[in-house]
Protein chains: 2
Amino acid sequence: MRPYGFGIDIGGTAIKLGLFRTEGELLEKWQIPTRRKDCGKWVLPDALDSVRAKMAERGIGWDQVEGVGMGVPGPVTEDGTVLRCINLGWDVFNIPNAVKKLEPHIENIQVSNDVNAAALGELWLGGAKGRWSAVMVTLGTGIGGGIVVGHKMIYGSGGAGGEIGHICIEPDEPVRCKCGGRGCLEQYCSATGLLRVTRQHLHDHPGTQTVLADTPELTAKDICDAAREGDAFALSQLDLLGKRLGRALTAVAATIDPQIFVIGGGLSNAGQILLDPIEFYYRKYAFHAFRHTEFALAELGNDAGIYGCVKMILS
Amino acid sequence: MRPYGFGIDIGGTAIKLGLFRTEGELLEKWQIPTRRKDCGKWVLPDALDSVRAKMAERGIGWDQVEGVGMGVPGPVTEDGTVLRCINLGWDVFNIPNAVKKLEPHIENIQVSNDVNAAALGELWLGGAKGRWSAVMVTLGTGIGGGIVVGHKMIYGSGGAGGEIGHICIEPDEPVRCKCGGRGCLEQYCSATGLLRVTRQHLHDHPGTQTVLADTPELTAKDICDAAREGDAFALSQLDLLGKRLGRALTAVAATIDPQIFVIGGGLSNAGQILLDPIEFYYRKYAFHAFRHTEFALAELGNDAGIYGCVKMILS
């Protein structure tokens with residue numbers, strides 16, 4: 001195997017890049033802005049320019065590069081075809097073919113959904129290290145899911161493997177999800193969802209005793225911080241989140257029975273106070289055959305994506 | 001590849017066996033009773049005796065047998081370890097090791113859960129023929145699930161991959177499931193569940209206008225037959241089943257995004273009148289990225305298991 005590899009995690013606002021030794025050591029990471037104009041046509045050229053600049057700076061030639069792994073924020077099929085990517089303005093196209101046109105020296109290019117890549121990263125060197133199968137759940141603006149079984153990602157027939165944020169948990173919900181559906185998991189259990197549900201409760205019950213009632217411009221972090229300080233109402237909101245998410249994860253387990261669930265994303269910075277109710281309700285509702293699935297917090301933070309991306313070209 | 005293979009589908013009352021040509025042709029099928037006494041210790045010896053008798057009858061030697069595939073009615077891990085099998089009285093043990101002790105001539109022995117095997121059979125030569133990934137749902141006394149992705153079965157870390165009958169859909173259900181949980185999918189949507197829910201409704205609403213009110217010893221088949229005759233109450237019961245099952249399947253799709261759902265088991269003999277509401281509600285509740293998943297009825301009936309079992313040794 002050649003000594004170097006690149007992991008490229010493409011997000012809606014920034015492209016994160018990592019130069020790795022193929023044994024797994026992250027030598028350097030950096031990021032560049034995502035230029036979304038012109039339907040995202042500059043995204044791949046910018047990423048590859050940045051890779052070439054780094055190689056020039058370090059005196060690395062293409063004959064020393066094992067390959068490039070890439071994560072994108074949307075559904076991707078196993079052959080690397082992206083099926084629209086609203087955040088980047090992309091329509092349907094095959095990423096490996098596009099990359100090879102831009103840089104014919106790249107022999108090995110692998111592409112997946114960003115959360116699937118993060119799941120693989122956490123399985124390799126993070127919260128799920130040493131496990132064989134894992135489900136990663138990222139709680140941020142939305143809810144992402146990434147699934148790895150036998151060290152292989154579950155892409156899904158239409159690239160929608162792991163789209164657990166859109167499990168319908170409350171079919172009678174009056175408010176629509178961004179996706180157009182009603183009652184999607186992420187309407188309640190993402191950072192945005194937690195904030196929405198909490199605000200709604202405060203609005204509907206004006207006398208609620210909580211420090212949050214007086215917090216200007218409430219954030220999901222405020223709710224978690226208040227819960228950690230013992231605020232009973234804030235704790236009840238995390239309990240409610242845990243009840244919904246924990247039960248939804250039992251359906252995921254009934255499908256693929258993973259060894260471990262890894263909870264990541266911005267909201268997971270709240271730590272154990274968030275993880276505890278998720279785990280509690282998971283075990284309450286789970287079938288006995290998968291009741292004891294492990295739970296862990298993600299450990300690689302924003303780097304999980306670049307780790308997982310580079311891992312794709314190593315396995 | 002050698003010319004013959006055996007598929008052995010072990011059930012709680014009968015062991016189904018099939019002699020196949022390794023191109024896929026079923027030459028002969030037969031069955032023997034399952035002797036469950038003495039903690040099921042005769043089950044494997046009986047099955048192998050039956051295989052040897054068939055080989056003697058047909059003049060087939062072990063050097064002409066590619067292998068033996070076996071399905072068992074309980075959770076099985078990828079190495080063929082059965083994790084208790086209540087229907088057979090089995091505790092935890094490794095089936096391939098046990099089989100090789102009983103018949104050292106067998107070079108290739110593969111084992112899986114029976115519904116996973118049925119899913120593989122349907123994918124190979126039945127309702128999901130030509131597809132790449134499928135979820136099989138068997139609606140019988142309980143609900144079984146079998147999942148194949150990329151022609152490989154999803155065993156799960158503890159052998160519980162595809163245990164979709166125990167997705168908790170009604171956490172406040174007062175009646176316990178056989179598994180000890182509350183509100184499991186199979187409490188409502190198996191043949192037994194359909195009958196239970198319908199009887200309960202008739203009991204709670206004595207004036208309901210339906211031929212079922214006067215049917216002695218009501219069965220799930222009676223309900224499906226009445227629905228086909230246009231009985232509005234019977235139709236409403238199938239609609240309710242479809243609503244619950246269709247929505248539960250969206251969670252399965254959000255996890256692995258299969259190409260097709262195949263509906264089998266005794267209740268599926270009702271055909272389209274059962275399939276239509278399941279499909280309708282699936283599409284109603286599904287996220288757009290997997291809203292158009294195919295649905296089909298199983299085609300191999302009771303033979304799906306032996307087909308899938310033999311397929312395991314061919315791929």
# chains A, B, ... in the order shown; residues from 1 in each chain; ligands from 1
call {"tool": "calpha_fit_and_write", "arguments": {"fixed": "chain A", "moving": "chain B", "output": "mmCIF file with C-alpha atoms, in the first residue's frame"}}
result
data_model
loop_
_atom_site.group_PDB
_atom_site.id
_atom_site.type_symbol
_atom_site.label_atom_id
_atom_site.label_comp_id
_atom_site.auth_asym_id
_atom_site.auth_seq_id
_atom_site.Cartn_x
_atom_site.Cartn_y
_atom_site.Cartn_z
ATOM 1 C CA MET B 1 -0.026 -0.043 0.035
ATOM 2 C CA ARG B 2 1.157 3.463 -0.780
ATOM 3 C CA PRO B 3 1.970 5.718 2.196
ATOM 4 C CA TYR B 4 -0.666 8.486 1.940
ATOM 5 C CA GLY B 5 -4.402 8.946 1.564
ATOM 6 C CA PHE B 6 -6.825 11.861 1.585
ATOM 7 C CA GLY B 7 -10.203 12.116 3.297
ATOM 8 C CA ILE B 8 -12.523 14.837 2.033
ATOM 9 C CA ASP B 9 -15.719 15.609 3.926
ATOM 10 C CA ILE B 10 -17.870 17.959 1.891
ATOM 11 C CA GLY B 11 -20.372 19.996 3.884
ATOM 12 C CA GLY B 12 -22.787 22.760 2.971
ATOM 13 C CA THR B 13 -20.512 25.542 4.282
ATOM 14 C CA ALA B 14 -17.025 24.002 4.447
ATOM 15 C CA ILE B 15 -15.012 21.225 2.858
ATOM 16 C CA LYS B 16 -12.897 19.458 5.482
ATOM 17 C CA LEU B 17 -9.767 17.742 4.227
ATOM 18 C CA GLY B 18 -7.351 15.383 5.899
ATOM 19 C CA LEU B 19 -3.963 14.022 4.848
ATOM 20 C CA PHE B 20 -3.404 10.612 6.419
ATOM 21 C CA ARG B 21 -0.717 8.015 6.520
ATOM 22 C CA THR B 22 -2.405 4.828 5.364
ATOM 23 C CA GLU B 23 -1.717 3.226 8.758
ATOM 24 C CA GLY B 24 -4.349 5.658 10.083
ATOM 25 C CA GLU B 25 -2.326 8.597 11.387
ATOM 26 C CA LEU B 26 -3.870 12.009 10.634
ATOM 27 C CA LEU B 27 -0.895 14.135 9.532
ATOM 28 C CA GLU B 28 -2.754 17.341 8.879
ATOM 29 C CA LYS B 29 -6.288 18.617 8.536
ATOM 30 C CA TRP B 30 -7.599 21.856 7.102
ATOM 31 C CA GLN B 31 -10.704 23.261 5.525
ATOM 32 C CA ILE B 32 -11.807 25.453 2.672
ATOM 33 C CA PRO B 33 -15.150 27.153 2.070
ATOM 34 C CA THR B 34 -17.764 25.355 -0.015
ATOM 35 C CA ARG B 35 -18.538 27.448 -3.092
ATOM 36 C CA ARG B 36 -22.137 26.552 -3.773
ATOM 37 C CA LYS B 37 -22.767 29.001 -6.617
ATOM 38 C CA ASP B 38 -23.371 27.781 -10.192
ATOM 39 C CA CYS B 39 -25.171 24.661 -8.900
ATOM 40 C CA GLY B 40 -22.113 23.592 -6.937
ATOM 41 C CA LYS B 41 -19.916 23.102 -10.009
ATOM 42 C CA TRP B 42 -16.804 24.427 -8.201
ATOM 43 C CA VAL B 43 -17.011 22.098 -5.227
ATOM 44 C CA LEU B 44 -15.038 19.168 -6.669
ATOM 45 C CA PRO B 45 -12.458 21.308 -8.550
ATOM 46 C CA ASP B 46 -11.828 23.349 -5.386
ATOM 47 C CA ALA B 47 -11.366 20.211 -3.285
ATOM 48 C CA LEU B 48 -8.930 18.687 -5.782
ATOM 49 C CA ASP B 49 -7.004 21.965 -6.129
ATOM 50 C CA SER B 50 -6.605 21.965 -2.369
ATOM 51 C CA VAL B 51 -5.344 18.373 -2.407
ATOM 52 C CA ARG B 52 -2.833 19.160 -5.155
ATOM 53 C CA ALA B 53 -1.630 22.272 -3.307
ATOM 54 C CA LYS B 54 -1.057 20.215 -0.157
ATOM 55 C CA MET B 55 0.837 17.565 -2.128
ATOM 56 C CA ALA B 56 3.056 20.246 -3.727
ATOM 57 C CA GLU B 57 3.703 21.808 -0.319
ATOM 58 C CA ARG B 58 4.761 18.461 1.131
ATOM 59 C CA GLY B 59 6.480 17.113 -1.979
ATOM 60 C CA ILE B 60 4.096 14.167 -2.307
ATOM 61 C CA GLY B 61 3.539 12.619 -5.764
ATOM 62 C CA TRP B 62 0.441 10.770 -6.957
ATOM 63 C CA ASP B 63 2.449 7.543 -7.010
ATOM 64 C CA GLN B 64 2.585 7.857 -3.209
ATOM 65 C CA VAL B 65 -1.165 8.333 -2.803
ATOM 66 C CA GLU B 66 -3.317 5.256 -2.201
ATOM 67 C CA GLY B 67 -6.526 7.089 -2.985
ATOM 68 C CA VAL B 68 -9.133 9.634 -2.048
ATOM 69 C CA GLY B 69 -12.282 9.017 -0.007
ATOM 70 C CA MET B 70 -15.114 11.488 -0.089
ATOM 71 C CA GLY B 71 -18.276 12.073 1.942
ATOM 72 C CA VAL B 72 -21.156 14.169 0.658
ATOM 73 C CA PRO B 73 -24.240 15.493 2.471
ATOM 74 C CA GLY B 74 -26.897 13.554 0.581
ATOM 75 C CA PRO B 75 -27.916 10.103 -0.618
ATOM 76 C CA VAL B 76 -25.204 8.230 -2.522
ATOM 77 C CA THR B 77 -25.483 4.791 -4.095
ATOM 78 C CA GLU B 78 -22.766 2.170 -3.839
ATOM 79 C CA ASP B 79 -21.196 3.125 -7.192
ATOM 80 C CA GLY B 80 -20.747 6.724 -6.018
ATOM 81 C CA THR B 81 -23.722 8.254 -7.795
ATOM 82 C CA VAL B 82 -25.126 11.176 -5.834
ATOM 83 C CA LEU B 83 -28.910 11.403 -6.041
ATOM 84 C CA ARG B 84 -29.321 15.135 -5.716
ATOM 85 C CA CYS B 85 -27.689 17.024 -2.942
ATOM 86 C CA ILE B 86 -29.776 20.069 -2.091
ATOM 87 C CA ASN B 87 -27.160 21.613 0.220
ATOM 88 C CA LEU B 88 -24.611 21.736 -2.605
ATOM 89 C CA GLY B 89 -26.971 22.445 -5.489
ATOM 90 C CA TRP B 90 -25.976 19.136 -7.102
ATOM 91 C CA ASP B 91 -28.230 17.114 -9.341
ATOM 92 C CA VAL B 92 -27.708 13.405 -10.136
ATOM 93 C CA PHE B 93 -24.193 12.451 -11.307
ATOM 94 C CA ASN B 94 -21.460 9.908 -10.715
ATOM 95 C CA ILE B 95 -18.783 11.422 -8.479
ATOM 96 C CA PRO B 96 -15.892 8.980 -9.167
ATOM 97 C CA ASN B 97 -16.236 9.612 -12.918
ATOM 98 C CA ALA B 98 -16.281 13.374 -12.370
ATOM 99 C CA VAL B 99 -13.245 13.220 -10.070
ATOM 100 C CA LYS B 100 -11.253 11.060 -12.487
ATOM 101 C CA LYS B 101 -11.894 13.590 -15.263
ATOM 102 C CA LEU B 102 -10.608 16.381 -13.045
ATOM 103 C CA GLU B 103 -7.624 14.390 -11.774
ATOM 104 C CA PRO B 104 -6.787 11.274 -13.824
ATOM 105 C CA HIS B 105 -3.941 10.366 -11.465
ATOM 106 C CA ILE B 106 -6.366 9.266 -8.765
ATOM 107 C CA GLU B 107 -6.631 5.501 -9.021
ATOM 108 C CA ASN B 108 -8.865 4.784 -6.074
ATOM 109 C CA ILE B 109 -11.791 7.088 -5.325
ATOM 110 C CA GLN B 110 -14.547 6.044 -2.932
ATOM 111 C CA VAL B 111 -17.650 8.051 -2.127
ATOM 112 C CA SER B 112 -20.384 7.761 0.453
ATOM 113 C CA ASN B 113 -22.920 9.743 2.381
ATOM 114 C CA ASP B 114 -21.219 11.950 5.016
ATOM 115 C CA VAL B 115 -22.893 10.308 8.004
ATOM 116 C CA ASN B 116 -22.079 6.839 6.722
ATOM 117 C CA ALA B 117 -18.476 8.024 6.452
ATOM 118 C CA ALA B 118 -18.604 9.364 10.015
ATOM 119 C CA ALA B 119 -19.974 6.024 11.198
ATOM 120 C CA LEU B 120 -17.062 4.230 9.547
ATOM 121 C CA GLY B 121 -14.636 6.706 11.135
ATOM 122 C CA GLU B 122 -16.076 6.137 14.616
ATOM 123 C CA LEU B 123 -15.949 2.378 14.038
ATOM 124 C CA TRP B 124 -12.341 2.582 12.969
ATOM 125 C CA LEU B 125 -10.826 4.887 15.568
ATOM 126 C CA GLY B 126 -13.608 6.474 17.626
ATOM 127 C CA GLY B 127 -16.508 5.612 19.920
ATOM 128 C CA ALA B 128 -17.179 2.278 18.198
ATOM 129 C CA LYS B 129 -13.537 1.264 17.853
ATOM 130 C CA GLY B 130 -13.030 -2.462 17.476
ATOM 131 C CA ARG B 131 -16.697 -3.189 16.783
ATOM 132 C CA TRP B 132 -17.924 -5.007 13.739
ATOM 133 C CA SER B 133 -21.189 -3.207 13.160
ATOM 134 C CA ALA B 134 -22.454 0.164 14.300
ATOM 135 C CA VAL B 135 -25.206 2.696 13.812
ATOM 136 C CA MET B 136 -24.147 6.296 14.074
ATOM 137 C CA VAL B 137 -26.814 8.864 14.903
ATOM 138 C CA THR B 138 -25.915 12.525 14.472
ATOM 139 C CA LEU B 139 -28.129 14.995 16.301
ATOM 140 C CA GLY B 140 -27.654 18.435 14.800
ATOM 141 C CA THR B 141 -29.838 20.709 12.709
ATOM 142 C CA GLY B 142 -31.385 17.482 11.458
ATOM 143 C CA ILE B 143 -30.804 13.827 12.332
ATOM 144 C CA GLY B 144 -28.406 11.796 10.236
ATOM 145 C CA GLY B 145 -27.846 8.074 10.387
ATOM 146 C CA GLY B 146 -24.892 6.041 9.200
ATOM 147 C CA ILE B 147 -24.787 2.266 9.267
ATOM 148 C CA VAL B 148 -21.851 -0.082 9.012
ATOM 149 C CA VAL B 149 -22.239 -3.870 9.040
ATOM 150 C CA GLY B 150 -19.215 -6.110 8.757
ATOM 151 C CA HIS B 151 -17.047 -3.032 8.145
ATOM 152 C CA LYS B 152 -19.141 -2.221 5.063
ATOM 153 C CA MET B 153 -21.490 0.722 4.786
ATOM 154 C CA ILE B 154 -25.170 0.140 4.115
ATOM 155 C CA TYR B 155 -25.783 2.469 1.171
ATOM 156 C CA GLY B 156 -29.343 1.355 0.447
ATOM 157 C CA SER B 157 -30.860 0.693 -2.963
ATOM 158 C CA GLY B 158 -31.487 4.399 -3.573
ATOM 159 C CA GLY B 159 -28.743 5.753 -1.350
ATOM 160 C CA ALA B 160 -31.181 6.207 1.540
ATOM 161 C CA GLY B 161 -29.704 3.642 3.937
ATOM 162 C CA GLY B 162 -29.536 5.155 7.414
ATOM 163 C CA GLU B 163 -32.033 7.978 6.779
ATOM 164 C CA ILE B 164 -33.395 7.454 10.259
ATOM 165 C CA GLY B 165 -34.170 11.135 10.808
ATOM 166 C CA HIS B 166 -37.233 10.598 8.654
ATOM 167 C CA ILE B 167 -38.744 7.672 10.482
ATOM 168 C CA CYS B 168 -42.351 8.750 11.008
ATOM 169 C CA ILE B 169 -42.988 8.631 14.751
ATOM 170 C CA GLU B 170 -46.023 10.927 15.095
ATOM 171 C CA PRO B 171 -48.254 10.510 12.036
ATOM 172 C CA ASP B 172 -50.788 13.055 13.322
ATOM 173 C CA GLU B 173 -48.245 15.869 13.731
ATOM 174 C CA PRO B 174 -49.787 19.089 12.359
ATOM 175 C CA VAL B 175 -46.440 20.709 11.461
ATOM 176 C CA ARG B 176 -44.670 19.514 8.330
ATOM 177 C CA CYS B 177 -41.041 18.367 8.321
ATOM 178 C CA LYS B 178 -38.648 20.043 5.859
ATOM 179 C CA CYS B 179 -38.921 16.838 3.809
ATOM 180 C CA GLY B 180 -42.646 17.390 3.335
ATOM 181 C CA GLY B 181 -43.663 14.558 5.645
ATOM 182 C CA ARG B 182 -45.275 14.804 9.063
ATOM 183 C CA GLY B 183 -43.983 13.550 12.382
ATOM 184 C CA CYS B 184 -40.423 12.714 11.338
ATOM 185 C CA LEU B 185 -38.028 11.820 14.154
ATOM 186 C CA GLU B 186 -35.873 14.870 13.454
ATOM 187 C CA GLN B 187 -38.820 17.190 14.092
ATOM 188 C CA TYR B 188 -38.495 16.233 17.785
ATOM 189 C CA CYS B 189 -35.063 14.846 18.509
ATOM 190 C CA SER B 190 -32.544 16.930 16.546
ATOM 191 C CA ALA B 191 -31.090 20.024 18.216
ATOM 192 C CA THR B 192 -33.632 22.043 16.235
ATOM 193 C CA GLY B 193 -36.385 19.636 17.228
ATOM 194 C CA LEU B 194 -35.526 19.772 20.924
ATOM 195 C CA LEU B 195 -35.676 23.549 20.769
ATOM 196 C CA ARG B 196 -38.978 23.524 18.859
ATOM 197 C CA VAL B 197 -40.665 21.110 21.268
ATOM 198 C CA THR B 198 -39.376 22.984 24.338
ATOM 199 C CA ARG B 199 -40.446 26.389 23.017
ATOM 200 C CA GLN B 200 -43.855 25.009 22.142
ATOM 201 C CA HIS B 201 -44.297 23.678 25.659
ATOM 202 C CA LEU B 202 -43.240 26.991 27.212
ATOM 203 C CA HIS B 203 -45.647 28.803 24.910
ATOM 204 C CA ASP B 204 -48.538 26.470 25.766
ATOM 205 C CA HIS B 205 -47.804 26.459 29.526
ATOM 206 C CA PRO B 206 -46.797 30.040 30.395
ATOM 207 C CA GLY B 207 -46.430 29.388 34.140
ATOM 208 C CA THR B 208 -43.820 26.598 33.804
ATOM 209 C CA GLN B 209 -41.151 26.849 36.519
ATOM 210 C CA THR B 210 -37.820 26.820 34.713
ATOM 211 C CA VAL B 211 -34.819 29.042 34.097
ATOM 212 C CA LEU B 212 -35.487 28.508 30.400
ATOM 213 C CA ALA B 213 -38.640 30.646 30.578
ATOM 214 C CA ASP B 214 -36.431 33.701 31.145
ATOM 215 C CA THR B 215 -33.635 32.775 28.747
ATOM 216 C CA PRO B 216 -33.501 35.145 25.786
ATOM 217 C CA GLU B 217 -32.912 33.508 22.389
ATOM 218 C CA LEU B 218 -33.113 30.012 23.763
ATOM 219 C CA THR B 219 -30.796 27.392 22.227
ATOM 220 C CA ALA B 220 -30.631 23.602 22.471
ATOM 221 C CA LYS B 221 -27.400 24.061 24.441
ATOM 222 C CA ASP B 222 -29.256 26.212 26.997
ATOM 223 C CA ILE B 223 -31.698 23.349 27.524
ATOM 224 C CA CYS B 224 -28.911 20.811 28.053
ATOM 225 C CA ASP B 225 -27.025 23.198 30.353
ATOM 226 C CA ALA B 226 -30.144 23.811 32.457
ATOM 227 C CA ALA B 227 -30.745 20.060 32.679
ATOM 228 C CA ARG B 228 -27.203 19.598 33.954
ATOM 229 C CA GLU B 229 -27.906 22.246 36.595
ATOM 230 C CA GLY B 230 -30.911 20.183 37.713
ATOM 231 C CA ASP B 231 -33.711 22.214 36.131
ATOM 232 C CA ALA B 232 -36.653 19.789 36.308
ATOM 233 C CA PHE B 233 -38.383 21.124 33.203
ATOM 234 C CA ALA B 234 -35.198 20.965 31.128
ATOM 235 C CA LEU B 235 -34.653 17.396 32.340
ATOM 236 C CA SER B 236 -38.198 16.476 31.356
ATOM 237 C CA GLN B 237 -37.515 17.748 27.836
ATOM 238 C CA LEU B 238 -34.417 15.544 27.519
ATOM 239 C CA ASP B 239 -36.438 12.660 28.913
ATOM 240 C CA LEU B 240 -39.073 13.200 26.241
ATOM 241 C CA LEU B 241 -36.388 13.327 23.554
ATOM 242 C CA GLY B 242 -34.874 10.097 24.904
ATOM 243 C CA LYS B 243 -38.255 8.397 24.906
ATOM 244 C CA ARG B 244 -38.905 9.194 21.260
ATOM 245 C CA LEU B 245 -35.389 8.548 20.009
ATOM 246 C CA GLY B 246 -34.812 5.450 22.151
ATOM 247 C CA ARG B 247 -37.980 3.844 20.872
ATOM 248 C CA ALA B 248 -37.220 4.739 17.252
ATOM 249 C CA LEU B 249 -33.809 3.113 17.602
ATOM 250 C CA THR B 250 -35.435 -0.167 18.635
ATOM 251 C CA ALA B 251 -36.897 -0.330 15.106
ATOM 252 C CA VAL B 252 -33.417 0.190 13.672
ATOM 253 C CA ALA B 253 -32.112 -2.588 15.917
ATOM 254 C CA ALA B 254 -34.977 -4.892 14.913
ATOM 255 C CA THR B 255 -33.765 -4.453 11.348
ATOM 256 C CA ILE B 256 -29.994 -4.857 11.554
ATOM 257 C CA ASP B 257 -29.182 -5.618 15.209
ATOM 258 C CA PRO B 258 -25.948 -3.574 15.441
ATOM 259 C CA GLN B 259 -23.308 -4.063 18.103
ATOM 260 C CA ILE B 260 -23.340 -0.421 19.121
ATOM 261 C CA PHE B 261 -25.152 2.888 18.694
ATOM 262 C CA VAL B 262 -22.855 5.901 18.563
ATOM 263 C CA ILE B 263 -24.499 9.256 19.295
ATOM 264 C CA GLY B 264 -22.798 12.245 17.690
ATOM 265 C CA GLY B 265 -23.565 15.649 16.214
ATOM 266 C CA GLY B 266 -23.623 19.023 17.970
ATOM 267 C CA LEU B 267 -26.289 18.043 20.497
ATOM 268 C CA SER B 268 -24.160 15.133 21.693
ATOM 269 C CA ASN B 269 -21.782 17.631 23.299
ATOM 270 C CA ALA B 270 -24.319 17.541 26.139
ATOM 271 C CA GLY B 271 -22.812 14.134 26.953
ATOM 272 C CA GLN B 272 -24.193 11.659 29.436
ATOM 273 C CA ILE B 273 -27.207 13.751 30.411
ATOM 274 C CA LEU B 274 -28.448 13.311 26.847
ATOM 275 C CA LEU B 275 -27.270 9.732 26.382
ATOM 276 C CA ASP B 276 -28.836 8.357 29.584
ATOM 277 C CA PRO B 277 -32.524 8.861 28.675
ATOM 278 C CA ILE B 278 -31.951 7.599 25.105
ATOM 279 C CA GLU B 279 -30.389 4.429 26.458
ATOM 280 C CA PHE B 280 -32.991 4.034 29.203
ATOM 281 C CA TYR B 281 -35.952 4.090 26.825
ATOM 282 C CA TYR B 282 -34.160 2.006 24.227
ATOM 283 C CA ARG B 283 -33.820 -0.798 26.767
ATOM 284 C CA LYS B 284 -37.395 -0.318 27.940
ATOM 285 C CA TYR B 285 -38.863 -0.808 24.464
ATOM 286 C CA ALA B 286 -36.332 -3.182 22.883
ATOM 287 C CA PHE B 287 -36.995 -6.858 22.170
ATOM 288 C CA HIS B 288 -34.883 -9.007 24.505
ATOM 289 C CA ALA B 289 -32.681 -10.308 21.677
ATOM 290 C CA PHE B 290 -31.223 -6.825 21.146
ATOM 291 C CA ARG B 291 -31.924 -5.152 24.470
ATOM 292 C CA HIS B 292 -28.285 -4.984 25.471
ATOM 293 C CA THR B 293 -26.873 -3.174 22.462
ATOM 294 C CA GLU B 294 -24.056 -0.849 23.549
ATOM 295 C CA PHE B 295 -24.407 2.923 23.469
ATOM 296 C CA ALA B 296 -21.519 5.372 23.258
ATOM 297 C CA LEU B 297 -20.864 9.011 22.544
ATOM 298 C CA ALA B 298 -18.989 9.837 19.360
ATOM 299 C CA GLU B 299 -15.322 10.604 19.982
ATOM 300 C CA LEU B 300 -13.932 12.015 16.769
ATOM 301 C CA GLY B 301 -16.181 15.080 16.629
ATOM 302 C CA ASN B 302 -15.930 16.956 13.353
ATOM 303 C CA ASP B 303 -13.043 14.742 12.238
ATOM 304 C CA ALA B 304 -15.140 11.553 12.067
ATOM 305 C CA GLY B 305 -15.982 12.278 8.433
ATOM 306 C CA ILE B 306 -12.401 12.602 7.172
ATOM 307 C CA TYR B 307 -11.351 9.513 9.138
ATOM 308 C CA GLY B 308 -14.199 7.494 7.636
ATOM 309 C CA CYS B 309 -13.524 8.844 4.149
ATOM 310 C CA VAL B 310 -9.902 7.750 4.184
ATOM 311 C CA LYS B 311 -10.883 4.409 5.728
ATOM 312 C CA MET B 312 -13.023 3.689 2.666
ATOM 313 C CA ILE B 313 -9.945 3.532 0.466
ATOM 314 C CA LEU B 314 -8.072 1.318 2.917
ATOM 315 C CA SER B 315 -10.630 -1.483 3.215
#
call {"tool": "select_by_dssp", "arguments": {"residues": "region 69-164 of chain A", "states": "strand (DSSP E or B)", "output": "MDAnalysis selection string"}}
result
chainID A and resid 69:72 76 81:82 85 90 93:94 109:113 133:139 143:149 152:153
call {"tool": "select_by_dssp", "arguments": {"residues": "region 119-226 of chain A", "states": "helix (DSSP H, G or I)", "output": "ChimeraX atom specification"}}
result
/A:119-125,164-166,186-189,191-204,211-214,220-226
call {"tool": "decode", "arguments": {"residues": "region 99-110 of chain A", "atoms": "C-alpha atoms", "output": "mmCIF file, in the first residue's frame"}}
result
data_model
loop_
_atom_site.group_PDB
_atom_site.id
_atom_site.type_symbol
_atom_site.label_atom_id
_atom_site.label_comp_id
_atom_site.auth_asym_id
_atom_site.auth_seq_id
_atom_site.Cartn_x
_atom_site.Cartn_y
_atom_site.Cartn_z
ATOM 1 C CA VAL A 99 -13.263 13.234 -10.059
ATOM 2 C CA LYS A 100 -11.271 11.068 -12.465
ATOM 3 C CA LYS A 101 -11.914 13.591 -15.237
ATOM 4 C CA LEU A 102 -10.636 16.391 -13.028
ATOM 5 C CA GLU A 103 -7.636 14.413 -11.777
ATOM 6 C CA PRO A 104 -6.809 11.293 -13.820
ATOM 7 C CA HIS A 105 -3.945 10.384 -11.451
ATOM 8 C CA ILE A 106 -6.376 9.281 -8.750
ATOM 9 C CA GLU A 107 -6.631 5.519 -9.032
ATOM 10 C CA ASN A 108 -8.865 4.800 -6.079
ATOM 11 C CA ILE A 109 -11.797 7.093 -5.333
ATOM 12 C CA GLN A 110 -14.556 6.050 -2.939
#
